[in-house]
Structure formats: C-alpha cells, structure tokens
Amino acid sequence: MYATSNADTTVSRLVFAGLLKYDDKNQLTGELAKDYSVDANGITYTVHLRPNLTWQDGQPLTSADVLYTYQTIQNPDAQSPLQNSWKGVIVSAPDPQTVVFKAAQSPGSLPA
C-alpha cells in the first residue's frame, strides 16, 4: 500500500503475498488466488481465493480482508501512493472466497 521505491517493493514482495504473481515463464499465476477470470469486455476481473488461507495467527483470510486492503488504498485519508491507480475501480466481495474488480472503463477506452 505504501511501497514507492524498488527497495520498498522488493521487501514488500518478500514479506506479503499478493493475489497474483508472475511465474518463471513470466506468466500471471495465482499466489493467494486459486484462479481468476476477465470478462469479454476487459472490465470485470473475478478472483477466487485459495481455500483455507490463514493469517499468521491462524485466523481465516477472506475476500473481506482483500476488500479492506483495496478500500484503504482508495481512501484519500490513507495517502497511499497507489490511490490514483485505483480511482474508479469498484471492488466487491460477493462471498468469502471471491473478489471482483470492476474498472470504470474498458482498457481500450482509457486515455493515452
């Protein structure tokens, strides 16, 4: 949420897991995500979490936790450097294992 330099990003990747990551063939694959899909318009991304994810204290990690993270990034009071990248994206958690990201525009209609 606050990593701005290469060093920050490297440490963040070592300490925190992401929903997705790139494998050794530079293909996007799940880390916390079991799978993901993108609708035909490229606007809605649906991510299904791996079953039985837990925090370090053994408490379940659910889509509500993922939603909280992105809502915090989007909150101007949090002053996350990622906030502008997430403006207009609607994030929802329709069930404990699913996170849905809906972009305000399709990728082809975004300004250059």
# chains A, B, ... in the order shown; residues from 1 in each chain; ligands from 1
>>> residues_around(residues="segment 94-100 of chain A", least_positions_apart="4", cutoff="8 Å", atoms="only C-alpha atoms", output="mmCIF file with C-alpha atoms, in the first residue's frame")
data_model
loop_
_atom_site.group_PDB
_atom_site.id
_atom_site.type_symbol
_atom_site.label_atom_id
_atom_site.label_comp_id
_atom_site.auth_asym_id
_atom_site.auth_seq_id
_atom_site.Cartn_x
_atom_site.Cartn_y
_atom_site.Cartn_z
ATOM 1 C CA THR A 44 -14.602 -7.081 -14.704
ATOM 2 C CA TYR A 45 -11.937 -9.240 -13.093
ATOM 3 C CA THR A 46 -13.062 -12.025 -10.780
ATOM 4 C CA VAL A 47 -10.561 -13.613 -8.403
ATOM 5 C CA HIS A 48 -11.252 -16.777 -6.411
ATOM 6 C CA LEU A 49 -9.080 -17.226 -3.331
ATOM 7 C CA ARG A 50 -7.355 -20.468 -2.484
ATOM 8 C CA PRO A 51 -9.274 -22.458 0.128
ATOM 9 C CA THR A 62 -11.133 -13.990 3.309
ATOM 10 C CA SER A 63 -12.248 -11.759 0.492
ATOM 11 C CA ALA A 64 -13.348 -9.217 3.144
ATOM 12 C CA VAL A 66 -8.737 -8.228 0.420
ATOM 13 C CA LEU A 67 -11.615 -5.768 0.044
ATOM 14 C CA ILE A 90 -15.137 -0.815 -7.791
#
>>> atom_distance(atom1="atom CA of Lys87 of chain A", atom2="atom CA of Gln27 of chain A")
26.1 Å
>>> atom_distance(atom1="atom CA of Gly18 of chain A", atom2="atom CA of Leu61 of chain A")
12.3 Å
>>> residues_around(residues="Tyr22 of chain A", least_positions_apart="5", cutoff="12 Å", atoms="only C-alpha atoms", output="list in words")
Arg13, Gln27, Leu28, Thr29, Gly30 and Glu31 of chain A
>>> write_last_selection(atoms="N, CA, C and O atoms", output="mmCIF file, in the first residue's frame")
data_model
loop_
_atom_site.group_PDB
_atom_site.id
_atom_site.type_symbol
_atom_site.label_atom_id
_atom_site.label_comp_id
_atom_site.auth_asym_id
_atom_site.auth_seq_id
_atom_site.Cartn_x
_atom_site.Cartn_y
_atom_site.Cartn_z
ATOM 1 N N ARG A 13 7.362 -7.579 -1.366
ATOM 2 C CA ARG A 13 7.106 -8.871 -2.026
ATOM 3 C C ARG A 13 7.641 -10.044 -1.216
ATOM 4 O O ARG A 13 7.111 -11.150 -1.301
ATOM 5 N N GLN A 27 4.440 -15.671 -16.766
ATOM 6 C CA GLN A 27 3.004 -15.864 -16.914
ATOM 7 C C GLN A 27 2.329 -15.526 -15.587
ATOM 8 O O GLN A 27 2.823 -15.899 -14.519
ATOM 9 N N LEU A 28 1.212 -14.826 -15.647
ATOM 10 C CA LEU A 28 0.477 -14.478 -14.444
ATOM 11 C C LEU A 28 -0.172 -15.729 -13.865
ATOM 12 O O LEU A 28 -0.841 -16.489 -14.572
ATOM 13 N N THR A 29 0.061 -15.951 -12.576
ATOM 14 C CA THR A 29 -0.461 -17.132 -11.902
ATOM 15 C C THR A 29 -0.922 -16.743 -10.500
ATOM 16 O O THR A 29 -0.561 -15.681 -9.991
ATOM 17 N N GLY A 30 -1.697 -17.590 -9.884
ATOM 18 C CA GLY A 30 -2.206 -17.289 -8.559
ATOM 19 C C GLY A 30 -1.164 -17.444 -7.481
ATOM 20 O O GLY A 30 -0.310 -18.321 -7.548
ATOM 21 N N GLU A 31 -1.234 -16.561 -6.498
ATOM 22 C CA GLU A 31 -0.456 -16.717 -5.272
ATOM 23 C C GLU A 31 -1.471 -16.981 -4.151
ATOM 24 O O GLU A 31 -1.636 -18.104 -3.738
#
>>> atom_distance(atom1="atom CA of Gln59 of chain A", atom2="atom CA of Tyr36 of chain A")
23.6 Å
>>> select_by_dssp(residues="segment 16-69 of chain A", states="strand (DSSP E or B)", output="ChimeraX atom specification")
/A:20-22,28-30,33-38,44-49,54,60
>>> select_by_dssp(residues="segment 54-110 of chain A", states="alpha helix (DSSP H)", output="list in words")
Ser63, Ala64, Asp65, Val66, Leu67, Tyr68, Thr69, Tyr70, Gln71, Thr72, Ile73 and Gln74 of chain A
>>> decode(residues="segment 75-88 of chain A", atoms="N, CA and C atoms", output="mmCIF file, in the first residue's frame")
data_model
loop_
_atom_site.group_PDB
_atom_site.id
_atom_site.type_symbol
_atom_site.label_atom_id
_atom_site.label_comp_id
_atom_site.auth_asym_id
_atom_site.auth_seq_id
_atom_site.Cartn_x
_atom_site.Cartn_y
_atom_site.Cartn_z
ATOM 1 N N ASN A 75 -8.859 5.080 -0.154
ATOM 2 C CA ASN A 75 -9.253 6.105 0.805
ATOM 3 C C ASN A 75 -8.231 7.246 0.802
ATOM 4 N N PRO A 76 -8.625 8.464 0.460
ATOM 5 C CA PRO A 76 -7.682 9.579 0.427
ATOM 6 C C PRO A 76 -6.984 9.821 1.770
ATOM 7 N N ASP A 77 -7.658 9.524 2.876
ATOM 8 C CA ASP A 77 -7.056 9.728 4.190
ATOM 9 C C ASP A 77 -5.855 8.812 4.437
ATOM 10 N N ALA A 78 -5.820 7.675 3.761
ATOM 11 C CA ALA A 78 -4.698 6.739 3.926
ATOM 12 C C ALA A 78 -3.442 7.225 3.209
ATOM 13 N N GLN A 79 -3.594 8.106 2.246
ATOM 14 C CA GLN A 79 -2.492 8.696 1.485
ATOM 15 C C GLN A 79 -1.576 7.633 0.846
ATOM 16 N N SER A 80 -2.182 6.587 0.319
ATOM 17 C CA SER A 80 -1.409 5.569 -0.384
ATOM 18 C C SER A 80 -0.950 6.122 -1.730
ATOM 19 N N PRO A 81 0.323 5.901 -2.094
ATOM 20 C CA PRO A 81 0.782 6.339 -3.410
ATOM 21 C C PRO A 81 0.101 5.582 -4.546
ATOM 22 N N LEU A 82 -0.615 4.510 -4.238
ATOM 23 C CA LEU A 82 -1.321 3.723 -5.253
ATOM 24 C C LEU A 82 -2.743 4.225 -5.489
ATOM 25 N N GLN A 83 -3.187 5.206 -4.716
ATOM 26 C CA GLN A 83 -4.584 5.641 -4.781
ATOM 27 C C GLN A 83 -5.018 6.029 -6.192
ATOM 28 N N ASN A 84 -4.229 6.815 -6.903
ATOM 29 C CA ASN A 84 -4.629 7.249 -8.246
ATOM 30 C C ASN A 84 -4.804 6.084 -9.199
ATOM 31 N N SER A 85 -4.010 5.039 -9.043
ATOM 32 C CA SER A 85 -4.112 3.863 -9.913
ATOM 33 C C SER A 85 -5.428 3.115 -9.709
ATOM 34 N N TRP A 86 -6.045 3.291 -8.554
ATOM 35 C CA TRP A 86 -7.259 2.550 -8.223
ATOM 36 C C TRP A 86 -8.511 3.410 -8.244
ATOM 37 N N LYS A 87 -8.383 4.672 -8.682
ATOM 38 C CA LYS A 87 -9.559 5.533 -8.788
ATOM 39 C C LYS A 87 -10.535 4.955 -9.805
ATOM 40 N N GLY A 88 -11.800 4.953 -9.446
ATOM 41 C CA GLY A 88 -12.826 4.487 -10.367
ATOM 42 C C GLY A 88 -12.991 2.983 -10.427
#
